[in-house]
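J.: To start, I am sharing the structure in question, which I have written as structure tokens.
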Amino acid sequence: MGKYYLTTPIYYVNAKPHIGSAYTTIAADVLARWRRQQGDAVFFLTGTAEHGTKMAEYAKSAGLSPQQFVDQQSHLFEQTWQKLNIEPTDFIRTSEKRHEEAVTIFFTKLKESGMIYEKDYEGLYCVGHEAFIKESELTDEGLCPDHKTKPERVREKNWFFRLSAYSETLKEKIQSHTFRIEPAERRNEVLSFIEQGLDDISISRQHVSWAIPLPWDHEQTIYVWLDELFNYCSAIGYGTHEATFRQWWPADLHIVGKDIIKFHCIIWPALLLAIKEELPRRVFAHGFFTVNGHKMSKSLGNVIDPVELAQEYGADVVRYLLLRDIPFGNDGDVSRERMTERYNADLANGLGNLVSRILTMIEKYWPDFAFDYATMQTRPGVQTLQTTVSIHLESLAFEKALLAIWETIRLADERIETTKPWQLAKENKTTELLKTLEDLYEYLVIITEALSPFMPQTSHTIRTLLTTRPLTKPATPLFGRKKA
Ligand code: MSP
């Protein structure tokens, strides 16, 4: 038993949540629930990134002030997570006072470290990325390859951070796994960035007004990405609630998408080294979704809304479907057709059918069923599946953990087919019949407990069915079949 501090990226609020941001947040919620189940004290943080030119522009076109706009948008994220049964310990917003205070303290410390200097800077700035972009990265037409927009040439006085001074220390910490980056492919990618040589980075902006002021130069504001990275410290009380901060820091796991590893695996640890704080223990970068083979984008009209999915299938089903098929570090494709197929096969015909069959048989053949859930939970079978699930979740292999649970569902189905309780009843083989029903009930306990971090509401419903006497089959199917 120990403490476990895990985080998701904080999401830009210019668009509403999509299945990409839901994916990261669901994964983190599953891990948080699993760790709690193991007895750890867990702090699970998510939130929203609300500063920068992009946000101010969106606010303007919506006819709102930046604060009004981000308030409205951030609320959408909180609501969406609730609708997906996601329960973060805290939700941090970069426009909150507590965050701005902590960032101001952090920057004052950074200045004192002697790793900050002033210089004139000229470069190409992509507003979509809120980052400078190299000439060599542009398309032949001179556009940002991701946003297909022309970056602005910016020339201004900026403050810089000596990122270049940290190459060797970072390399050593990554190679020795003191600072774990996973999967290995991403670690290699980070090491090769470092190998190519790190440039110092600009940490302030002259013309971005919707941002936190630089404490020692009020002509400038803090570069939004650095303000955002610091959410991981500000949320747990950096600079203001020292004891709470020490209780949780360092983060045990930052879950991020593979698009933002440079920020999390190079810039973030270097900043922490400069202010003499411990590095996070681990960063895991997951892959990206495409929809029917295409990148998700507003212009293609193929953005999948997780709230609509939850309305159609139920929140727990969305959690299951998003984590079931694609290994977490890989890219993968999703489609509504495949989701429906999986839903019918694994949930309607699989789990839902099994629960209903077993309860129907107990109801019919053994109305005075005498075993209780709590006692069953301590049996070795429950522990065995939990151990397997734990091994997979330790390496964020959600799909393998789910596969192990569904293998248990298959075994339970097989047990019904081979023992044929209805036959045993017909032949009056009472001892065998009762033993079989007891085993089948135990299977349900095993499955319900292992499933609970993934599908908390479903697990709760099945647990209620299994603890209410007399045992009765569900009044309506747990998962009604859907038309393909
Ligand atoms: N604000 C920064 C993060 C700062 S963290 C200190 C940012 N925000 S974002 O809104 O663009 O969200 C990025 C994250 O959303 C990605 O890292 C990833 O976790 C998730 N995803 C966005 N699109 C995705 C897919 N198509 N597929 C999977 N995840 C995706 O970057």
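Labels used: A, B, ... for chains in the order of the structure tokens, numbers from 1 for residues in each chain, and numbers from 1 for ligands as shown.
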Dump the neighbourhood of ligand 1 as a PDB file with N, CA, C and O atoms, in the first residue's frame: all residues within 6 Å, distances computed on only C-alpha atoms and all ligand atoms.
T.:
ATOM      1  N   PRO A   9      -3.278  14.714 -19.498  1.00  0.00           N
ATOM      2  CA  PRO A   9      -2.975  16.073 -19.945  1.00  0.00           C
ATOM      3  C   PRO A   9      -4.165  16.949 -19.586  1.00  0.00           C
ATOM      4  O   PRO A   9      -5.281  16.449 -19.385  1.00  0.00           O
ATOM      5  N   ILE A  10      -3.953  18.253 -19.503  1.00  0.00           N
ATOM      6  CA  ILE A  10      -5.122  19.130 -19.352  1.00  0.00           C
ATOM      7  C   ILE A  10      -5.493  19.585 -20.763  1.00  0.00           C
ATOM      8  O   ILE A  10      -4.632  19.958 -21.552  1.00  0.00           O
ATOM      9  N   TYR A  11      -6.778  19.508 -21.067  1.00  0.00           N
ATOM     10  CA  TYR A  11      -7.229  19.651 -22.450  1.00  0.00           C
ATOM     11  C   TYR A  11      -7.553  21.090 -22.816  1.00  0.00           C
ATOM     12  O   TYR A  11      -8.084  21.837 -21.995  1.00  0.00           O
ATOM     13  N   TYR A  12      -7.243  21.433 -24.069  1.00  0.00           N
ATOM     14  CA  TYR A  12      -7.624  22.750 -24.579  1.00  0.00           C
ATOM     15  C   TYR A  12      -9.134  22.809 -24.658  1.00  0.00           C
ATOM     16  O   TYR A  12      -9.769  21.857 -25.143  1.00  0.00           O
ATOM     17  N   GLY A  20     -10.862  11.085 -28.353  1.00  0.00           N
ATOM     18  CA  GLY A  20      -9.422  11.105 -28.064  1.00  0.00           C
ATOM     19  C   GLY A  20      -9.165  11.514 -26.619  1.00  0.00           C
ATOM     20  O   GLY A  20      -8.487  10.804 -25.870  1.00  0.00           O
ATOM     21  N   SER A  21      -9.744  12.640 -26.209  1.00  0.00           N
ATOM     22  CA  SER A  21      -9.520  13.080 -24.827  1.00  0.00           C
ATOM     23  C   SER A  21     -10.241  12.149 -23.850  1.00  0.00           C
ATOM     24  O   SER A  21      -9.755  11.890 -22.738  1.00  0.00           O
ATOM     25  N   THR A  24      -7.926   8.981 -23.075  1.00  0.00           N
ATOM     26  CA  THR A  24      -6.890   9.206 -22.057  1.00  0.00           C
ATOM     27  C   THR A  24      -7.509   9.252 -20.661  1.00  0.00           C
ATOM     28  O   THR A  24      -6.981   8.675 -19.710  1.00  0.00           O
ATOM     29  N   ALA A  49      -6.804  23.348 -20.041  1.00  0.00           N
ATOM     30  CA  ALA A  49      -5.801  24.362 -20.368  1.00  0.00           C
ATOM     31  C   ALA A  49      -6.530  25.514 -21.034  1.00  0.00           C
ATOM     32  O   ALA A  49      -7.170  25.323 -22.066  1.00  0.00           O
ATOM     33  N   GLU A 228       0.834  25.413 -18.465  1.00  0.00           N
ATOM     34  CA  GLU A 228       0.038  24.176 -18.462  1.00  0.00           C
ATOM     35  C   GLU A 228       0.759  23.013 -17.776  1.00  0.00           C
ATOM     36  O   GLU A 228       0.174  22.283 -16.976  1.00  0.00           O
ATOM     37  N   LEU A 229       2.033  22.840 -18.109  1.00  0.00           N
ATOM     38  CA  LEU A 229       2.770  21.711 -17.504  1.00  0.00           C
ATOM     39  C   LEU A 229       2.749  21.810 -15.985  1.00  0.00           C
ATOM     40  O   LEU A 229       2.681  20.793 -15.283  1.00  0.00           O
ATOM     41  N   VAL A 256      -0.110  10.558 -21.290  1.00  0.00           N
ATOM     42  CA  VAL A 256      -0.205  11.595 -22.328  1.00  0.00           C
ATOM     43  C   VAL A 256      -0.402  10.924 -23.678  1.00  0.00           C
ATOM     44  O   VAL A 256      -0.130   9.735 -23.835  1.00  0.00           O
ATOM     45  N   GLY A 257      -0.832  11.714 -24.663  1.00  0.00           N
ATOM     46  CA  GLY A 257      -0.854  11.214 -26.031  1.00  0.00           C
ATOM     47  C   GLY A 257       0.545  11.342 -26.600  1.00  0.00           C
ATOM     48  O   GLY A 257       1.348  12.148 -26.116  1.00  0.00           O
ATOM     49  N   ASP A 259       1.579  12.761 -29.065  1.00  0.00           N
ATOM     50  CA  ASP A 259       1.860  14.063 -29.683  1.00  0.00           C
ATOM     51  C   ASP A 259       2.577  15.032 -28.752  1.00  0.00           C
ATOM     52  O   ASP A 259       3.149  16.005 -29.197  1.00  0.00           O
ATOM     53  N   ILE A 260       2.543  14.768 -27.445  1.00  0.00           N
ATOM     54  CA  ILE A 260       3.093  15.776 -26.531  1.00  0.00           C
ATOM     55  C   ILE A 260       4.229  15.223 -25.669  1.00  0.00           C
ATOM     56  O   ILE A 260       4.420  15.653 -24.536  1.00  0.00           O
ATOM     57  N   GLY A 287      -1.265   5.890 -28.139  1.00  0.00           N
ATOM     58  CA  GLY A 287      -1.367   6.195 -29.562  1.00  0.00           C
ATOM     59  C   GLY A 287      -2.597   7.031 -29.886  1.00  0.00           C
ATOM     60  O   GLY A 287      -3.328   7.477 -28.998  1.00  0.00           O
ATOM     61  N   PHE A 288      -2.833   7.208 -31.154  1.00  0.00           N
ATOM     62  CA  PHE A 288      -3.932   8.050 -31.616  1.00  0.00           C
ATOM     63  C   PHE A 288      -4.998   7.244 -32.343  1.00  0.00           C
ATOM     64  O   PHE A 288      -4.707   6.279 -33.027  1.00  0.00           O
ATOM     65  N   PHE A 289      -6.229   7.709 -32.195  1.00  0.00           N
ATOM     66  CA  PHE A 289      -7.352   7.100 -32.905  1.00  0.00           C
ATOM     67  C   PHE A 289      -7.515   7.693 -34.286  1.00  0.00           C
ATOM     68  O   PHE A 289      -7.388   8.907 -34.465  1.00  0.00           O
ATOM     69  N   MET A 296      -9.347  12.082 -37.115  1.00  0.00           N
ATOM     70  CA  MET A 296     -10.582  12.735 -36.687  1.00  0.00           C
ATOM     71  C   MET A 296     -10.465  14.232 -36.911  1.00  0.00           C
ATOM     72  O   MET A 296      -9.481  14.827 -36.483  1.00  0.00           O
TER      73      MET A 296
END
J.: Nearest to Ala345 in chain A among A:Ile116, A:Leu273, A:Ala32, A:Ala484, with distances taken over only C-alpha atoms: which residue is it?
T.: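 Ranking A:Ile116, A:Leu273, A:Ala32, A:Ala484 by distance to Ala345 in chain A, first place goes to A:Ala484.
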J.: Select, from A:Pro88, A:Gly52, A:Pro213, A:Pro183, the residue with the minimum atom-to-atom distance to Gly329 in chain A, counting only C-alpha atoms.
T.: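 The closest residue to Gly329 in chain A is A:Pro183.
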J.: What does the structure give for the distance between CA of Thr290 in chain A and CA of Leu402 in chain A, in Å to one decimal?
T.: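 Separating CA of Thr290 in chain A from CA of Leu402 in chain A is a distance of 21.7 Å.
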J.: Give me, please, the distance in Å between CA of Ser61 in chain A and CA of Val303 in chain A, quoted to one decimal.
T.: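 Straight-line distance from CA of Ser61 in chain A to CA of Val303 in chain A works out to 21.4 Å.
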J.: For the strand (DSSP E) assignment from backbone DSSP, which residues of range 68-211 of chain A qualify? Please present them as a ChimeraX atom specification.
T.: /A:90-93,116-126,131-133,152-161,180-182,201-202,204-205
J.: Restricting the calculation to only C-alpha atoms: of A:Tyr23, A:Tyr313, A:Phe230, A:Tyr58, which residue gets closest to Val70 in chain A?
T.: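 Distance minimum relative to Val70 in chain A lands on A:Tyr58.
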J.: Can you list, as an mmCIF file with N, CA, C and O atoms, in the first residue's frame, every protein, DNA or RNA residue that comes within 12 Å of Ser356 in chain A when you count only C-alpha atoms, leaving out same-chain residues fewer than 5 positions away?
T.:
data_model
loop_
_atom_site.group_PDB
_atom_site.id
_atom_site.type_symbol
_atom_site.label_atom_id
_atom_site.label_comp_id
_atom_site.auth_asym_id
_atom_site.auth_seq_id
_atom_site.Cartn_x
_atom_site.Cartn_y
_atom_site.Cartn_z
ATOM 1 N N LEU A 347 -20.885 -8.037 -24.783
ATOM 2 C CA LEU A 347 -21.695 -7.562 -23.659
ATOM 3 C C LEU A 347 -23.098 -8.164 -23.671
ATOM 4 O O LEU A 347 -23.506 -8.774 -22.684
ATOM 5 N N ALA A 348 -23.819 -8.040 -24.792
ATOM 6 C CA ALA A 348 -25.175 -8.615 -24.813
ATOM 7 C C ALA A 348 -25.108 -10.145 -24.720
ATOM 8 O O ALA A 348 -25.649 -10.749 -23.786
ATOM 9 N N ASN A 349 -24.392 -10.768 -25.672
ATOM 10 C CA ASN A 349 -24.328 -12.237 -25.667
ATOM 11 C C ASN A 349 -23.347 -12.783 -24.638
ATOM 12 O O ASN A 349 -23.482 -13.912 -24.191
ATOM 13 N N GLY A 350 -22.329 -12.015 -24.298
ATOM 14 C CA GLY A 350 -21.294 -12.495 -23.378
ATOM 15 C C GLY A 350 -21.666 -12.273 -21.929
ATOM 16 O O GLY A 350 -22.380 -13.070 -21.313
ATOM 17 N N LEU A 351 -21.225 -11.146 -21.397
ATOM 18 C CA LEU A 351 -21.420 -10.877 -19.971
ATOM 19 C C LEU A 351 -22.895 -10.869 -19.543
ATOM 20 O O LEU A 351 -23.285 -11.535 -18.574
ATOM 21 N N MET A 361 -30.846 -19.959 -13.282
ATOM 22 C CA MET A 361 -30.731 -21.350 -12.811
ATOM 23 C C MET A 361 -30.765 -21.435 -11.287
ATOM 24 O O MET A 361 -31.408 -22.317 -10.722
ATOM 25 N N ILE A 362 -30.063 -20.470 -10.637
ATOM 26 C CA ILE A 362 -30.076 -20.511 -9.165
ATOM 27 C C ILE A 362 -31.511 -20.278 -8.660
ATOM 28 O O ILE A 362 -32.003 -20.962 -7.760
ATOM 29 N N GLU A 363 -32.174 -19.314 -9.282
ATOM 30 C CA GLU A 363 -33.557 -18.978 -8.902
ATOM 31 C C GLU A 363 -34.451 -20.220 -9.015
ATOM 32 O O GLU A 363 -35.282 -20.508 -8.163
ATOM 33 N N ASP A 413 -19.137 -19.936 -19.187
ATOM 34 C CA ASP A 413 -20.093 -20.446 -20.184
ATOM 35 C C ASP A 413 -19.828 -21.923 -20.467
ATOM 36 O O ASP A 413 -20.757 -22.735 -20.543
ATOM 37 N N LEU A 440 -20.629 -21.569 -10.222
ATOM 38 C CA LEU A 440 -21.044 -20.555 -11.212
ATOM 39 C C LEU A 440 -21.224 -19.200 -10.542
ATOM 40 O O LEU A 440 -20.837 -18.167 -11.081
ATOM 41 N N TYR A 441 -21.781 -19.231 -9.338
ATOM 42 C CA TYR A 441 -21.928 -17.987 -8.578
ATOM 43 C C TYR A 441 -20.545 -17.398 -8.306
ATOM 44 O O TYR A 441 -20.310 -16.191 -8.456
ATOM 45 N N LEU A 444 -19.195 -15.514 -11.129
ATOM 46 C CA LEU A 444 -19.751 -14.157 -11.250
ATOM 47 C C LEU A 444 -19.078 -13.187 -10.275
ATOM 48 O O LEU A 444 -18.824 -12.039 -10.617
ATOM 49 N N ILE A 462 -24.365 -5.693 -10.929
ATOM 50 C CA ILE A 462 -24.276 -7.152 -10.779
ATOM 51 C C ILE A 462 -24.071 -7.512 -9.302
ATOM 52 O O ILE A 462 -24.689 -8.447 -8.785
ATOM 53 N N LEU A 465 -27.315 -7.484 -7.645
ATOM 54 C CA LEU A 465 -28.088 -8.699 -7.974
ATOM 55 C C LEU A 465 -27.592 -9.894 -7.163
ATOM 56 O O LEU A 465 -28.373 -10.716 -6.695
ATOM 57 N N LEU A 466 -26.278 -9.964 -6.979
ATOM 58 C CA LEU A 466 -25.695 -11.135 -6.316
ATOM 59 C C LEU A 466 -25.777 -11.071 -4.796
ATOM 60 O O LEU A 466 -25.483 -12.051 -4.116
ATOM 61 N N LEU A 471 -32.001 -14.684 -4.678
ATOM 62 C CA LEU A 471 -31.341 -14.344 -5.939
ATOM 63 C C LEU A 471 -32.359 -14.384 -7.069
ATOM 64 O O LEU A 471 -33.137 -15.326 -7.179
ATOM 65 N N THR A 472 -32.349 -13.351 -7.885
ATOM 66 C CA THR A 472 -33.325 -13.249 -8.971
ATOM 67 C C THR A 472 -32.611 -12.756 -10.211
ATOM 68 O O THR A 472 -31.727 -11.902 -10.111
ATOM 69 N N LYS A 473 -33.026 -13.248 -11.349
ATOM 70 C CA LYS A 473 -32.399 -12.774 -12.597
ATOM 71 C C LYS A 473 -32.759 -11.299 -12.821
ATOM 72 O O LYS A 473 -33.781 -10.812 -12.307
ATOM 73 N N PRO A 474 -31.921 -10.569 -13.591
ATOM 74 C CA PRO A 474 -32.225 -9.148 -13.816
ATOM 75 C C PRO A 474 -33.591 -8.959 -14.454
ATOM 76 O O PRO A 474 -33.986 -9.748 -15.327
ATOM 77 N N ALA A 475 -34.328 -7.948 -14.018
ATOM 78 C CA ALA A 475 -35.679 -7.716 -14.534
ATOM 79 C C ALA A 475 -35.645 -7.386 -16.035
ATOM 80 O O ALA A 475 -36.497 -7.834 -16.799
ATOM 81 N N THR A 476 -34.627 -6.605 -16.440
ATOM 82 C CA THR A 476 -34.441 -6.347 -17.877
ATOM 83 C C THR A 476 -33.010 -6.746 -18.212
ATOM 84 O O THR A 476 -32.147 -6.709 -17.334
ATOM 85 N N PRO A 477 -32.743 -7.121 -19.469
ATOM 86 C CA PRO A 477 -31.377 -7.538 -19.806
ATOM 87 C C PRO A 477 -30.364 -6.438 -19.462
ATOM 88 O O PRO A 477 -30.666 -5.247 -19.620
ATOM 89 N N LEU A 478 -29.185 -6.836 -18.950
ATOM 90 C CA LEU A 478 -28.163 -5.843 -18.618
ATOM 91 C C LEU A 478 -27.733 -5.097 -19.868
ATOM 92 O O LEU A 478 -27.466 -3.908 -19.843
ATOM 93 N N PHE A 479 -27.628 -5.801 -20.979
ATOM 94 C CA PHE A 479 -27.242 -5.189 -22.253
ATOM 95 C C PHE A 479 -28.156 -5.723 -23.357
ATOM 96 O O PHE A 479 -27.978 -6.866 -23.791
ATOM 97 N N GLY A 480 -29.130 -4.897 -23.755
ATOM 98 C CA GLY A 480 -30.029 -5.331 -24.828
ATOM 99 C C GLY A 480 -29.277 -5.368 -26.158
ATOM 100 O O GLY A 480 -28.423 -4.507 -26.395
#
J.: Using only C-alpha atoms, which protein or nucleic acid residues come within 10 Å of range 139-144 of chain A? Drop anything in the same chain fewer than 6 positions from it, and give the result as number ranges by chain.
T.: A: 124-129, 133, 150-151
J.: What separation in Å, quoted to one decimal, exists between CA of Ala315 in chain A and CA of His392 in chain A?
T.: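 Calculated distance between CA of Ala315 in chain A and CA of His392 in chain A is 22.7 Å.
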J.: Report the residues of range 78-278 of chain A whose backbone DSSP state falls under helix (DSSP H, G or I), written as a ChimeraX atom specification.
T.: /A:78-83,97-112,135-137,163-175,184-195,224-229,231-234,242-248,258-274
